[in-house]
Structure formats: structure tokens, C-alpha cells
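Have a look at run05.txt; it's compact mmCIF, C-alpha atoms:
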```txt
# COMPACT_ATOMS: atom_id res chain seq x y z
CA MET A 1196 82.24 82.52 -113.88
CA ALA A 1197 78.93 81.82 -115.60
CA LEU A 1198 76.98 83.64 -112.89
CA LYS A 1199 79.31 86.61 -113.09
CA ASP A 1200 78.91 86.75 -116.86
CA THR A 1201 75.14 86.56 -116.57
CA ILE A 1202 75.07 89.44 -114.06
CA GLU A 1203 77.27 91.53 -116.34
CA LYS A 1204 74.97 90.83 -119.30
CA LEU A 1205 71.94 91.83 -117.24
CA ASN A 1206 73.68 95.07 -116.29
CA ASN A 1207 74.41 95.79 -119.95
CA ILE A 1208 70.79 95.35 -121.03
CA ASN A 1209 69.24 98.64 -122.07
CA LEU A 1210 65.54 98.05 -121.55
CA SER A 1211 64.68 101.17 -123.55
CA GLU A 1212 66.18 99.57 -126.63
CA LEU A 1213 64.02 96.44 -126.36
CA ASP A 1214 60.89 96.37 -128.42
CA LEU A 1215 58.57 94.15 -126.39
CA ASN A 1216 56.17 93.87 -129.30
CA GLU A 1217 58.88 92.01 -131.24
CA LEU A 1218 59.31 89.43 -128.51
CA ASP A 1219 57.37 86.43 -129.69
CA LEU A 1220 56.94 83.55 -127.26
CA SER A 1221 56.99 81.11 -130.18
CA SER A 1222 60.56 82.22 -130.91
CA ALA A 1223 61.70 82.52 -127.32
CA GLY A 1224 64.65 80.34 -128.14
CA LEU A 1225 66.02 83.12 -130.40
CA TRP A 1226 65.80 85.81 -127.74
CA PRO A 1227 69.06 87.34 -126.55
CA GLY A 1228 70.63 85.51 -123.65
CA PRO A 1229 70.19 88.31 -121.14
CA VAL A 1230 66.49 88.59 -122.01
CA LYS A 1231 66.06 84.88 -121.49
CA VAL A 1232 67.75 85.16 -118.10
CA LEU A 1233 65.63 88.15 -117.13
CA CYS A 1234 62.39 86.44 -118.16
CA GLY A 1235 63.48 83.30 -116.36
CA LEU A 1236 64.13 85.23 -113.17
CA VAL A 1237 60.80 87.02 -113.41
CA LEU A 1238 59.00 83.73 -114.02
CA ALA A 1239 60.82 82.08 -111.12
CA ILE A 1240 59.93 84.97 -108.82
CA VAL A 1241 56.28 84.77 -109.88
CA LEU A 1242 56.16 81.02 -109.36
CA LEU A 1243 57.84 81.30 -105.99
CA GLY A 1244 55.40 84.03 -104.97
CA VAL A 1245 52.35 82.03 -106.07
CA GLY A 1246 53.68 78.88 -104.44
CA TYR A 1247 54.43 80.77 -101.24
CA VAL A 1248 50.92 82.26 -101.11
CA PHE A 1249 49.24 78.90 -101.66
CA LEU A 1250 51.57 77.13 -99.26
CA VAL A 1251 51.11 79.73 -96.52
CA THR A 1252 47.33 79.72 -97.04
CA ASP A 1253 47.20 75.94 -96.70
CA LEU A 1254 49.41 76.04 -93.62
CA GLN A 1255 47.26 78.78 -92.06
CA ASN A 1256 44.11 76.78 -92.73
CA GLU A 1257 45.69 73.66 -91.26
CA LEU A 1258 46.92 75.64 -88.25
CA GLY A 1259 43.42 77.03 -87.68
CA LYS A 1260 41.92 73.54 -87.91
CA VAL A 1261 44.44 72.16 -85.43
CA ALA A 1262 43.82 75.09 -83.06
CA ARG A 1263 40.07 74.48 -83.17
CA GLU A 1264 40.58 70.77 -82.51
CA GLU A 1265 42.87 71.63 -79.61
CA ASN A 1266 40.25 73.94 -78.08
CA ALA A 1267 37.56 71.29 -78.52
CA LEU A 1268 39.76 68.67 -76.85
CA LYS A 1269 40.54 71.04 -73.98
CA THR A 1270 36.84 71.77 -73.47
CA ASP A 1271 35.98 68.05 -73.61
CA TYR A 1272 38.77 67.27 -71.12
CA GLU A 1273 37.58 70.00 -68.74
CA ASP A 1274 33.99 68.69 -68.92
CA LYS A 1275 35.07 65.11 -68.25
CA PHE A 1276 37.37 66.21 -65.43
CA ARG A 1277 34.54 68.18 -63.81
CA GLN A 1278 32.15 65.22 -64.18
CA ALA A 1279 34.74 62.86 -62.70
CA SER A 1280 35.24 65.18 -59.73
CA LEU A 1281 31.47 65.13 -59.08
CA LEU A 1282 31.08 61.38 -59.58
CA GLU A 1283 31.44 60.46 -55.92
CA GLY A 1284 28.85 63.06 -54.97
CA TYR A 1285 26.45 61.64 -57.57
CA ARG A 1286 26.97 58.15 -56.19
CA GLN A 1287 26.16 59.34 -52.68
CA GLN A 1288 23.05 61.14 -53.96
CA ALA A 1289 21.94 57.93 -55.69
CA LYS A 1290 22.38 56.01 -52.43
CA ASP A 1291 20.41 58.66 -50.51
CA MET A 1292 17.62 58.60 -53.11
CA GLU A 1293 17.44 54.81 -52.93
CA ALA A 1294 17.23 54.95 -49.13
CA ASN A 1295 14.48 57.60 -49.29
CA PHE A 1296 12.62 55.56 -51.88
CA GLN A 1297 12.73 52.46 -49.71
CA MET A 1298 11.52 54.51 -46.73
CA ILE A 1299 8.57 55.82 -48.74
CA LEU A 1300 7.74 52.29 -49.92
CA SER A 1301 7.70 51.15 -46.31
CA GLN A 1302 4.96 53.71 -45.66
CA LEU A 1303 2.72 52.30 -48.37
CA PRO A 1304 0.31 49.69 -47.00
CA SER A 1305 0.04 46.24 -48.49
CA ASP A 1306 -3.35 44.71 -49.26
CA THR A 1307 -3.34 42.86 -45.95
CA GLU A 1308 -2.70 46.11 -44.03
CA ILE A 1309 -5.76 48.00 -45.35
CA PRO A 1310 -8.07 46.77 -42.55
CA GLY A 1311 -5.53 47.98 -40.01
CA LEU A 1312 -5.38 51.37 -41.74
CA ILE A 1313 -9.18 51.63 -41.58
CA ASP A 1314 -9.02 50.82 -37.86
CA ASP A 1315 -6.44 53.59 -37.40
CA ILE A 1316 -8.71 56.11 -39.19
CA SER A 1317 -11.68 54.99 -37.07
CA ASN A 1318 -9.68 55.38 -33.86
CA VAL A 1319 -8.54 58.86 -34.88
CA GLY A 1320 -12.16 59.85 -35.59
CA THR A 1321 -13.63 58.52 -32.36
CA SER A 1322 -10.80 60.02 -30.30
CA ASN A 1323 -11.79 63.41 -31.71
CA GLY A 1324 -15.45 62.89 -30.81
CA LEU A 1325 -16.70 62.16 -34.33
CA VAL A 1326 -19.47 59.77 -35.31
CA PHE A 1327 -18.91 57.66 -38.42
CA ASN A 1328 -21.86 57.33 -40.76
CA LYS A 1329 -19.89 55.20 -43.19
CA ILE A 1330 -16.39 54.16 -44.19
CA ASP A 1331 -16.31 52.32 -47.50
CA LEU A 1332 -13.52 50.93 -49.65
CA LEU A 1333 -13.79 52.14 -53.27
CA PRO A 1334 -12.41 50.34 -56.35
CA GLU A 1335 -8.66 50.60 -56.88
CA VAL A 1336 -7.31 53.01 -59.48
CA ILE A 1337 -4.35 51.46 -61.30
CA LEU A 1338 -1.85 54.04 -62.59
CA GLU A 1339 1.49 53.67 -64.33
CA PHE A 1340 3.74 53.19 -61.30
CA TYR A 1341 1.38 52.78 -58.37
CA VAL A 1342 -2.15 51.83 -57.37
CA GLU A 1343 -4.55 54.20 -55.58
CA LYS A 1344 -6.75 52.67 -52.88
CA PRO A 1345 -9.56 55.17 -52.10
CA ILE A 1346 -11.64 55.03 -48.91
CA ARG A 1347 -14.83 57.12 -48.75
CA ILE A 1348 -15.57 58.39 -45.26
CA GLU A 1349 -18.56 60.25 -43.82
CA VAL A 1350 -18.40 61.59 -40.27
CA VAL A 1351 -20.43 63.95 -38.08
CA GLY A 1352 -18.96 66.31 -35.52
CA GLY A 1353 -18.10 69.85 -34.55
CA TYR A 1354 -16.01 72.19 -36.69
CA HIS A 1355 -12.86 71.96 -34.54
CA ASP A 1356 -13.28 68.19 -34.16
CA LEU A 1357 -13.34 67.79 -37.93
CA GLY A 1358 -10.20 69.89 -38.26
CA ALA A 1359 -8.38 67.81 -35.64
CA PHE A 1360 -9.49 64.60 -37.39
CA VAL A 1361 -8.08 65.76 -40.74
CA SER A 1362 -4.80 66.76 -39.11
CA ASP A 1363 -4.42 63.46 -37.24
CA VAL A 1364 -5.17 61.36 -40.35
CA ALA A 1365 -2.46 63.26 -42.24
CA ASP A 1366 -0.02 62.43 -39.41
CA LEU A 1367 -0.55 58.66 -39.58
CA SER A 1368 2.60 56.60 -40.10
CA ARG A 1369 1.21 55.34 -43.41
CA ILE A 1370 0.92 57.67 -46.39
CA VAL A 1371 -2.67 58.90 -46.61
CA THR A 1372 -3.87 61.88 -48.65
CA LEU A 1373 -7.30 63.50 -48.27
CA HIS A 1374 -9.48 64.63 -51.19
CA ASP A 1375 -13.02 65.68 -52.20
CA PHE A 1376 -14.09 67.45 -49.01
CA ASP A 1377 -17.84 67.96 -48.65
CA ILE A 1378 -19.02 69.70 -45.45
CA SER A 1379 -22.61 70.65 -44.67
CA PRO A 1380 -24.49 71.60 -41.47
CA ILE A 1381 -27.06 69.23 -39.97
CA GLY A 1382 -29.96 69.78 -37.57
CA GLY A 1383 -31.67 73.06 -36.78
CA GLN A 1384 -31.53 75.26 -33.74
CA GLY A 1385 -29.58 74.48 -30.56
CA GLU A 1386 -26.60 72.20 -30.08
CA ALA A 1387 -27.51 69.93 -33.02
CA GLY A 1388 -27.53 72.94 -35.34
CA ARG A 1389 -23.81 73.42 -34.76
CA MET A 1390 -22.94 69.90 -35.94
CA LEU A 1391 -21.43 69.32 -39.37
CA ARG A 1392 -21.47 66.37 -41.71
CA MET A 1393 -18.20 65.86 -43.62
CA GLY A 1394 -17.67 63.56 -46.56
CA ILE A 1395 -14.07 62.97 -47.52
CA THR A 1396 -12.05 60.56 -49.64
CA ALA A 1397 -8.87 59.21 -48.07
CA LYS A 1398 -6.39 57.75 -50.55
CA THR A 1399 -3.57 55.44 -49.72
CA TYR A 1400 -1.19 53.92 -52.26
CA ARG A 1401 0.53 50.71 -53.22
CA TYR A 1402 3.70 50.60 -55.30
CA LYS A 1403 3.08 48.79 -58.59
CA ASP A 1404 6.07 46.46 -58.87
CA GLY A 1405 4.38 43.46 -60.46
CA ALA A 1406 3.52 41.94 -57.09
CA SER A 1407 1.40 43.00 -54.16
CA ARG A 1408 3.09 44.72 -51.30
```
Can the structure from this file be put into C-alpha cells for me?
Amino acid sequence: MALKDTIEKLNNINLSELDLNELDLSSAGLWPGPVKVLCGLVLAIVLLGVGYVFLVTDLQNELGKVAREENALKTDYEDKFRQASLLEGYRQQAKDMEANFQMILSQLPSDTEIPGLIDDISNVGTSNGLVFNKIDLLPEVILEFYVEKPIRIEVVGGYHDLGAFVSDVADLSRIVTLHDFDISPIGGQGEAGRMLRMGITAKTYRYKDGASR
């Protein structure tokens, strides 16, 4: 009954007869009942609207945050899944690299094998018809992970013989690199004038592991 009466009072309000300038908030308690109800409804609607806006905004912000977190988790999961699927391949690559590394180490001469390496170089030279003027061991060069062991060589021979010598030294079972080529003709006219003197530095290497190999 009270709600029905209130609705009837609201219907009977003639807004044109209300002088809003006479409505003083300090005397709101003396306002007519229908006006109080109307103001209360307006205030409630405003509060509900403001509350709804703030609530929806907060929920939208929270939803956006959760969506971003979800996307980040999905991306992280996909990355980890892809890495896990490649793990076995990486392990096999590591094994292959270790095997290759050990094979390369086996091609590096130890200190006790240097005389044998010099003999191999001498044999390669003489088999190609070269004459050795000198073959000298130079001081070691210690680097971060390995040690260089240079050997200075001077030989005399024909152009093609020198080329064959360089090729055969590069094909030795031990790792040997050739540097600092110096070729000059010797003699004058005739057969001797076609001979060449070649100085070259052959470098072999020793892995620096804290102990001699």
C-alpha cells in the first residue's frame, strides 16, 4: 500500500508549480513527501549509475590484465614446449660436437711427437725433390686456449715441386698450417736459374688444458 500511495503522490506532483529556488537543502526534512521521494529516486539512480561505471571500469581493467597474463602464459608455454621438443636434438648435437672436438685434439701433436712431425715434413720435402737449407723450431706462442708451435723452414726446388710440397704438408694427419711465404729465385742462367728458394713457417698446435698433450 505504501508503494502504491507513493506512486500516486508522484503522479499528482505538478513540477511547474514547484519553485526550485525555494528548495533549501538545509530544510530538506520539511520538503513535501513526493519531492523527497523524487529526489531520493534521482539520487539513487545517480549513485547506481556512478557505481556501475566505476565497477564496470574496474572489471574491464581486471579483465584486460587477466587477458594479457593469459597471452603471456600461452606464449611462455609455447616457447618451453618448442624448446622441449628440440632438447633431444640439442643433446645429439652436443655429443657430435664433443666427438668432433676429441677428434681434433687427437690431431694435435704432443711435445714428444714434434720430432716425428719434423721427420714427416722432411720426408714430404725430399719426396718432392726439395733440398732443405734449414728447419728450425721457434719459441712457442701461448694463447688463451692453445699453444702455437712454429717451425721455420727453408727449402730449394722447382716451382711445381714447391707447390706439391705445400699441398702434401697440408694433407698430413696432424694439423699443420702454413704461413709467411717468402719465395725468391736463385742462380742465374740455365737450369739453376729456374730454381726457387722458399721460406715458410709451419705452425702446429697443442691444446692448452693445464697439462702437456
query: At a cut-off of 12 Å from (-10.1, 48.2, -58.3) in the coordinates of the file, what residues are picked up using all atoms listed in the file, written as a PyMOL selection string?
result: chain A and resi 1306+1332-1338+1342-1346
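Rounded to one decimal, CA of Ile1330 (chain A) and CA of Ile1316 (chain A) lie 9.4 Å from each other.
Using all atoms listed in the file for every distance, the candidate list A:Asp1271, A:Glu1349, A:Asp1366, A:Asp1253 yields A:Glu1349 as the residue closest to Gly1394 (chain A).
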- request: Compute the distance from (-9.7, 60.8, -34.5) to each atom, counting all atoms listed in the file, keep the residues with any atom at most 12 Å away, and return them as a PyMOL selection string; use the coordinates of the file.
  value: chain A and resi 1313-1327+1350-1352+1355-1367
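Here CA of Gly1311 (chain A) is placed at a distance of 23.1 Å from CA of Phe1376 (chain A).
Residue nearest Met1298 (chain A) within the list A:Ala1267, A:Ile1370, A:Leu1250, A:Val1245: A:Ile1370 [criterion: smallest interatomic distance, all atoms listed in the file].
Rounded to one decimal, CA of Lys1398 (chain A) and CA of Ile1381 (chain A) lie 25.9 Å from each other.
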